[in-house]
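Trainee: Let me begin by handing over the structure; questions about it come next.
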Amino acid sequence: MVPATHYLALAAILFAIGALGVIIRRNVITMFMCVELMLNAVNLTFITFSRFLNQVDGQIFVFFVMTVAAAEAAVGLALIVLLSRRTDTLDVDQANTMKW
Amino acid sequence: MLENYWVLILIPLFGFAINGIFGRRFSRQVIAWLSCSTVGLSFLICLLTFWEFIQLPVDKRTISRSLFTWIQSGNLVSEFSFLLDPLSMVMILVVTGVGFLIHVYSVEYMAGEEGYYRYFSYLNLFIFMMSVLVLADNYLLMFVGWEGVGLCSYLLIGYYFEKRSAGDAAKKAFIVNRIGDVGFIIGIFLIFRQFGSLEYLTVFRTVSDQFPEPTAGFGVLGAITLLLFIGATGKSAQIPLYVWLPDAMEGPTPVSALIHAATMVTAGVYMIARSAPLYTRAPETLFIVAAVGISTALLAALIATAQRDIKKVLAYSTISQLGYMFLAVGVGAFSAGIFHLMTHAFFKALLFLGSGSVILALHHEQDLMKMGGLRKYLRVTFYTMWIATLAIAGVPLFSGFFSKEEILWKAYSSPLGNGAFWFVGVLVAGLTAFYMFRLIFLVFYGADRFEEAHHESTPHSPTEPSSLIKVPFMILAFFSIVAGFVGLPKYLGTNRLEGFLAPSFRYMPEPASVEEHGHFSESHLALIAILVTFFGIAAAYQLYIRDRQITERLANRFSLLYQLIWRKFFVDEIYDWMLVRSIRGFSRKILWENIDVNVIDGLVNGTASLMQTWSHALKRIQSGYARVYATWILGGAILIFLYYYLTSF
């Protein structure tokens with residue numbers, strides 16, 4: 001059986017990649033996908049602990065996260081579509097109309 | 001009436017409120033009726049109270065009445081309560097009586113003026129405040145009235161506020177009075193500290209326990225009395241704070257008559273007479289009071305001899321007569337001071353009303369040199385002003401004679417008096433006769449000089465106002481003659497007023513020597529004073545009727561002296577130069593341009609620029625890039641994680 005440390009390490013790596021992506025990349029779709037990646041890294045951690053502690057709470061929590069992520073994807077994608085229509089670009093640094 | 005005499009205070013307040021709030025919509029008749037009837041009603045109540053009051057046995061004539069507790073804080077309990085005793089009885093009679101007559105006179109005098117309701121509501125407020133002042137039974141409530149009448153004085157001097165000079169005069173009166181009031185209120189603080197109460201009777205009882213005999217040297221009593229006296233010099237226009245009163249003549253003439261001659265300016269004399277148990281125990285202060293009084297009397301009388309404005313002459317005359325009153329209280333003759341206060345209220349009010357009627361007849365001409373020959377046109381004014389002039393000059397059998405003689409005699413014979421006070425007092429009596437008859441001669445005798453100034457605007461001759469206005473003249477003239485008989489000198493009868501006032505001057509220390517000193521008898525000294533008075537009248541006659549050229553020649557011969565007197569000894573200029581300019585210079589150079597600009601503005605601006613500098617540095621954090629914020633969040637999360645991770649071992 002694979003030990004829990006492996007799962008957790010994988011989740012941490014995925015989360016770090018996601019976070020770095022959000023920070024470094026400028027393309028809004030990439031950033032969006034990185035956020036999804038972070039959410040799923042967290043989901044993996046939940047599942048791991050749920051399995052190894054024999055408790056169902058974590059799995060229930062994952063369902064919630066997935067639901068919220070789906071809703072977020074809908075809203076986020078709509079925003080991205082609007083942004084690309086308005087500014088004709090997907091670079092977040094160009095969306096600076098409200099900056100001082 | 002004796003139980004509820006305090007309602008007489010509230011009625012004018014009612015009139016003030018109604019006229020002040022709704023007066024703009026009322027017709028002039030309604031305003032005048034409302035205002036006069038409230039004061040008239042007050043006077044009526046006052047008379048009824050007086051009638052019952054004199055039927056009481058002498059030792060019951062101190063009636064205290066508390067309405068409610070006004071201030072209660074620790075040891076300080078101040079009741080809103082009134083004290084009716086012979087002293088306040090005399091004062092309230094004068095205030096409401098003369099006040100009522102002047103209200104009636106104002107109805108016609110002010111008929112052509114804007115802001116009729118404003119005038120009458122202020123006048124009612126004044127009567128209310130003055131009643132509070134004289135009927136209060138503690139120093140704090142007296143201070144309320146004291147400030148209240150100061151406010152009314154300010155409002156009424158500045159009645160013609162469109163005129164810059166009137167506004168300036170009002171401010172001057174207010175500011176000069178504030179200087180005195182500082183002394184007064186510190187005196188009140190000291191009284192509370194020393195005696196633990198502000199109520200007159202408690203204070204007087206305590207002081208007679210603490211100081212059974214007059215104190216020698218300058219102690220706490222000296223400080224209290226001197227500070228109270230500073231307040232009195234402001235309100236009653238004595239050296240060094242008299243300068244506001246001549247300027248106060250910018251107000252309407254009835255106001256000058258009521259506030260700046262008959263009632264308010266005598267508040268200082270009343271206050272000192274009221275505090276007699278304190279003052280008699282501080283002989284040093286009393287000497288200062290008497291010396292200031294007699295110097296003021298002399299200085300103002302000298303200035304009055306050369307003024308050209310009819311109201312200015314009367315204003316300086318008022319200051320001079322107030323000086324007499326302070327001389328009287330300063331030598332310990334408190335009832336003589338109150339006596340002169342009362343007679344002065346009648347004849348000075350009459351003189352001012354007469355001058356008002358002259359001014360009105362000449363269409364607001366106040367220069368004596370542009371009057372003359374008016375006796376043909378203004379009969380009633382002429383006769384009544386003659387009576388008032390005889391009274392103020394101290395011609396025998398008129399009221400001013402008795403009160404002035406009483407003061408002069410006491411100034412000579414009292415243990416605190418001396419020959420010098422008497423001598424200067426007689427000199428002032430001569431000067432008074434001179435300048436008053438100068439005024440009469442210039443206004444009513446000689447050629448008609450007013451035509452020169454007004455031949456275009458007034459083709460018809462000056463006329464007197466209607467009969468309504470004459471009633472106050474008659475009544476005041478009557479009292480100017482007879483008021484003196486309540487205080488006959490010893491060689492003619494008994495001094496009823498002194499006996500009446502005696503209960504107010506209890507709690508006095510035992511006098512060191514009851515014997516009156518001096519070599520001369522009262523009647524001999526009175527004779528000298530009468531001679532000096534007639535000499536003054538004769539001099540005025542010689543100069544202003546017989547031979548007008550002498551006046552010119554004298555003025556030319558002694559032009560330096562004449563200029564000095566005409567320019568009022570340059571007191572205003574000296575004050576301006578010494579005090580106003582130096583204070584203004586200090587305020588500008590030190591307080592404004594250094595302390596205000598550098599320290600206060602520096603603090604405020606420094607705070608602001610500190611904030612700005614920091615903000616400039618910190619705003620770089622807020623880049624507007626979501627990524628940067630995310631980095632901060634991540635960095636924070638990592639730090640928190642590290643903290644728990646490292647401390648968990």
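Ordered as shown in the structure tokens, chains take letters A, B, and onward, while each chain numbers its residues from 1 and ligands are numbered from 1 in the order shown.
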Name the residues in contact with Val92 in chain A at a cut-off of 7 Å, using only C-alpha atoms, excluding same-chain residues fewer than 5 positions from it; report them as JSON, numbers by chain.
Mentor: {"A": [26, 27, 28]}
Trainee: If we count only C-alpha atoms, which residues of chain A reach to within 12 Å of chain B? Please list them as a PyMOL selection string.
Mentor: chain A and resi 15-16+18-28+31+35+91-100
Trainee: Restricting the output to N, CA and C atoms, write the selected residues as a compact mmCIF listing (two decimals), in the first residue's frame.
Mentor:
```
# COMPACT_ATOMS: atom_id res chain seq x y z
N PHE A 15 -0.11 21.87 -5.47
CA PHE A 15 -0.53 23.17 -4.94
C PHE A 15 0.52 24.22 -5.23
N ALA A 16 1.79 23.87 -5.03
CA ALA A 16 2.87 24.83 -5.26
C ALA A 16 2.90 25.24 -6.72
N GLY A 18 0.41 25.23 -8.79
CA GLY A 18 -0.77 26.09 -9.03
C GLY A 18 -0.51 27.50 -8.54
N ALA A 19 0.01 27.61 -7.28
CA ALA A 19 0.23 28.93 -6.70
C ALA A 19 1.24 29.70 -7.52
N LEU A 20 2.32 29.05 -7.90
CA LEU A 20 3.34 29.71 -8.71
C LEU A 20 2.74 30.18 -10.03
N GLY A 21 1.91 29.31 -10.62
CA GLY A 21 1.27 29.68 -11.88
C GLY A 21 0.43 30.94 -11.74
N VAL A 22 -0.36 30.99 -10.66
CA VAL A 22 -1.20 32.17 -10.46
C VAL A 22 -0.32 33.42 -10.35
N ILE A 23 0.79 33.29 -9.65
CA ILE A 23 1.63 34.45 -9.41
C ILE A 23 2.41 34.84 -10.66
N ILE A 24 2.92 33.88 -11.36
CA ILE A 24 3.87 34.20 -12.43
C ILE A 24 3.19 34.47 -13.75
N ARG A 25 2.24 33.64 -14.10
CA ARG A 25 1.66 33.75 -15.45
C ARG A 25 0.76 34.97 -15.58
N ARG A 26 0.66 35.48 -16.83
CA ARG A 26 -0.19 36.64 -17.05
C ARG A 26 -1.45 36.29 -17.82
N ASN A 27 -1.41 35.18 -18.49
CA ASN A 27 -2.58 34.78 -19.26
C ASN A 27 -3.68 34.37 -18.31
N VAL A 28 -4.83 34.99 -18.49
CA VAL A 28 -5.89 34.82 -17.50
C VAL A 28 -6.42 33.40 -17.50
N MET A 31 -4.01 31.30 -15.53
CA MET A 31 -4.18 31.57 -14.10
C MET A 31 -5.40 30.85 -13.55
N VAL A 35 -5.65 28.02 -10.59
CA VAL A 35 -6.53 28.05 -9.41
C VAL A 35 -7.22 26.71 -9.26
N ASP A 91 -4.37 39.27 -21.32
CA ASP A 91 -3.31 39.63 -20.38
C ASP A 91 -3.92 40.41 -19.22
N VAL A 92 -3.80 39.87 -17.97
CA VAL A 92 -4.44 40.56 -16.84
C VAL A 92 -3.83 41.92 -16.58
N ASP A 93 -2.57 42.12 -16.91
CA ASP A 93 -1.95 43.41 -16.64
C ASP A 93 -2.56 44.52 -17.48
N GLN A 94 -3.21 44.15 -18.58
CA GLN A 94 -3.87 45.17 -19.40
C GLN A 94 -5.18 45.62 -18.79
N ALA A 95 -5.76 44.76 -17.91
CA ALA A 95 -7.03 45.13 -17.27
C ALA A 95 -6.74 46.00 -16.05
N ASN A 96 -6.32 47.26 -16.32
CA ASN A 96 -5.89 48.12 -15.22
C ASN A 96 -6.66 49.43 -15.18
N THR A 97 -7.89 49.44 -15.68
CA THR A 97 -8.65 50.69 -15.75
C THR A 97 -8.88 51.31 -14.37
N MET A 98 -9.01 50.52 -13.32
CA MET A 98 -9.35 51.06 -12.01
C MET A 98 -8.13 51.29 -11.13
N LYS A 99 -6.94 51.14 -11.74
CA LYS A 99 -5.73 51.36 -10.94
C LYS A 99 -5.48 52.86 -10.75
N TRP A 100 -4.84 53.26 -9.64
CA TRP A 100 -4.60 54.70 -9.40
C TRP A 100 -3.58 55.23 -10.37
```
Trainee: Would you list the contacts of Phe50 in chain B as a list in words, taking every protein, DNA or RNA residue within 10 Å and counting only C-alpha atoms, but skipping same-chain residues closer than 3 positions in sequence?
Mentor: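 After dropping sequence-adjacent residues, the list is Met1, Leu2, Tyr5, Leu44, Ile45, Cys46, Leu47, Phe53, Ile54, Gln55, Pro86, Met89, Val90, Ile92 and Leu93 of chain B.
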Trainee: I'd like the contact shell of Lys348 in chain B - 10 Å cut-off, only C-alpha atoms, skipping same-chain residues fewer than 5 positions apart - returned as a short mmCIF file (atom, residue, chain, number, x, y, z; two decimals) with N, CA and C atoms, in the first residue's frame.
Mentor:
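As a result, selection_28.cif now contains:
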```cif
data_model
loop_
_atom_site.label_atom_id
_atom_site.label_comp_id
_atom_site.auth_asym_id
_atom_site.auth_seq_id
_atom_site.Cartn_x
_atom_site.Cartn_y
_atom_site.Cartn_z
N SER B 256 -29.52 105.93 26.27
CA SER B 256 -28.52 106.64 27.07
C SER B 256 -29.12 107.07 28.39
N ALA B 257 -30.37 107.50 28.35
CA ALA B 257 -31.02 107.96 29.57
C ALA B 257 -31.19 106.82 30.56
N LEU B 258 -31.70 105.69 30.07
CA LEU B 258 -32.04 104.60 30.98
C LEU B 258 -30.81 103.83 31.41
N HIS B 260 -27.34 104.14 30.31
CA HIS B 260 -26.03 104.74 30.51
C HIS B 260 -26.07 105.99 31.36
N ALA B 261 -27.17 106.19 32.08
CA ALA B 261 -27.19 107.29 33.03
C ALA B 261 -27.92 106.89 34.30
N ALA B 262 -29.16 106.40 34.16
CA ALA B 262 -29.99 106.24 35.35
C ALA B 262 -29.76 104.92 36.07
N LEU B 314 -23.34 115.31 28.61
CA LEU B 314 -24.12 114.59 29.61
C LEU B 314 -23.44 113.28 29.99
N ALA B 315 -22.76 112.66 29.03
CA ALA B 315 -22.07 111.41 29.34
C ALA B 315 -20.95 111.66 30.35
N SER B 317 -20.75 114.14 32.32
CA SER B 317 -21.40 114.53 33.56
C SER B 317 -21.82 113.29 34.35
N THR B 318 -22.32 112.27 33.64
CA THR B 318 -22.70 111.03 34.32
C THR B 318 -21.49 110.40 35.00
N GLN B 321 -20.69 112.33 38.07
CA GLN B 321 -21.61 112.09 39.19
C GLN B 321 -21.41 110.70 39.78
N THR B 343 -31.31 110.23 43.33
CA THR B 343 -31.63 111.56 42.80
C THR B 343 -31.03 111.73 41.41
N LEU B 353 -33.50 112.80 28.41
CA LEU B 353 -34.74 112.86 27.64
C LEU B 353 -34.90 114.23 27.02
N GLY B 354 -34.54 115.27 27.78
CA GLY B 354 -34.61 116.62 27.24
C GLY B 354 -33.70 116.78 26.04
N MET B 385 -35.79 120.92 31.67
CA MET B 385 -34.33 120.82 31.69
C MET B 385 -33.72 121.84 32.65
N ALA B 388 -33.92 120.14 35.96
CA ALA B 388 -32.90 119.09 36.10
C ALA B 388 -31.53 119.70 36.27
N THR B 389 -31.26 120.78 35.56
CA THR B 389 -29.95 121.41 35.66
C THR B 389 -29.74 122.01 37.05
N ALA B 391 -31.06 120.88 39.64
CA ALA B 391 -30.89 119.74 40.54
C ALA B 391 -29.47 119.20 40.48
N ILE B 392 -28.94 119.02 39.25
CA ILE B 392 -27.59 118.43 39.16
C ILE B 392 -26.54 119.41 39.64
N LEU B 476 -40.62 113.18 35.94
CA LEU B 476 -39.20 113.21 36.31
C LEU B 476 -38.83 114.56 36.90
N SER B 480 -37.23 115.29 40.41
CA SER B 480 -35.95 115.99 40.50
C SER B 480 -36.02 117.08 41.56
#
```
Trainee: Find the residues around Gly337 in chain B up to 6 Å (only C-alpha atoms counted), leave out those fewer than 6 positions away in its own chain, and share them as a PyMOL selection string.
Mentor: chain B and resi 325+328-329
Trainee: Would you write out those residues with N, CA and C atoms, as a short mmCIF file (atom, residue, chain, number, x, y, z; two decimals), in the first residue's frame?
Mentor:
```
data_model
loop_
_atom_site.label_atom_id
_atom_site.label_comp_id
_atom_site.auth_asym_id
_atom_site.auth_seq_id
_atom_site.Cartn_x
_atom_site.Cartn_y
_atom_site.Cartn_z
N MET B 325 -20.59 109.26 43.66
CA MET B 325 -21.17 108.12 44.38
C MET B 325 -20.06 107.22 44.91
N ALA B 328 -18.63 108.68 47.91
CA ALA B 328 -19.48 108.46 49.07
C ALA B 328 -19.27 107.06 49.65
N VAL B 329 -19.34 106.03 48.80
CA VAL B 329 -19.18 104.68 49.35
C VAL B 329 -17.74 104.49 49.83
#
```
Trainee: With a distance cut-off of 12 Å and only C-alpha atoms, select the neighbouring residues of Leu10 in chain A, excluding the residue or stretch itself and same-chain residues fewer than 3 positions from it, and output the selection as a ChimeraX atom specification.
Mentor: /A:3-7,13-17,37-38,40-45,48
Trainee: How about saving the chosen residues, C-alpha atoms kept, as a compact mmCIF listing (two decimals), in the first residue's frame?
Mentor:
```txt
# COMPACT_ATOMS: atom_id res chain seq x y z
CA PRO A 3 1.91 5.45 2.31
CA ALA A 4 -0.01 8.69 2.98
CA THR A 5 3.16 10.78 2.72
CA HIS A 6 3.29 10.18 -1.01
CA TYR A 7 -0.22 11.42 -1.57
CA ILE A 13 3.68 19.79 -5.28
CA LEU A 14 0.47 20.31 -7.26
CA PHE A 15 -0.53 23.17 -4.94
CA ALA A 16 2.87 24.83 -5.26
CA ILE A 17 2.73 24.57 -9.06
CA LEU A 37 -5.15 22.95 -9.89
CA MET A 38 -4.78 24.36 -6.36
CA ASN A 40 -7.79 19.89 -6.66
CA ALA A 41 -4.53 19.64 -4.73
CA VAL A 42 -6.53 20.48 -1.64
CA ASN A 43 -9.14 17.91 -2.63
CA LEU A 44 -6.43 15.27 -2.85
CA THR A 45 -5.27 16.13 0.67
CA THR A 48 -5.96 11.19 1.67
```
Trainee: List the spatial neighbours of Ile319 in chain B as a PyMOL selection string - criterion: any atom at most 10 Å away, only C-alpha atoms, same-chain residues fewer than 4 positions off excluded.
Mentor: chain B and resi 236-239+242-243+245-246+260-261+265+293+296-301+304+314-315+323-325
Trainee: Please determine, counting only C-alpha atoms, which residue among A:Arg51, A:Gln59, A:Ala69, A:Leu77 has the shortest atom-to-atom distance to Val2 in chain A.
Mentor: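 The closest residue to Val2 in chain A is A:Arg51.
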Trainee: Using backbone DSSP assignments, extract all alpha helix (DSSP H) residues from chain A; output them as a PyMOL selection string.
Mentor: chain A and resi 4-24+28-53+57-87
Trainee: In terms of the shortest atom-to-atom distance over only C-alpha atoms, which of B:Met436, B:Leu368, B:Leu56, B:Val380 is closest to Ala393 in chain B?
Mentor: B:Met436
Trainee: For Met66 in chain A, which of A:Leu53, A:Ala78, A:Leu39, A:Ile29 is the closest residue, counting only C-alpha atoms?
Mentor: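 Comparing A:Leu53, A:Ala78, A:Leu39, A:Ile29 against Met66 in chain A, the winner is A:Leu39.
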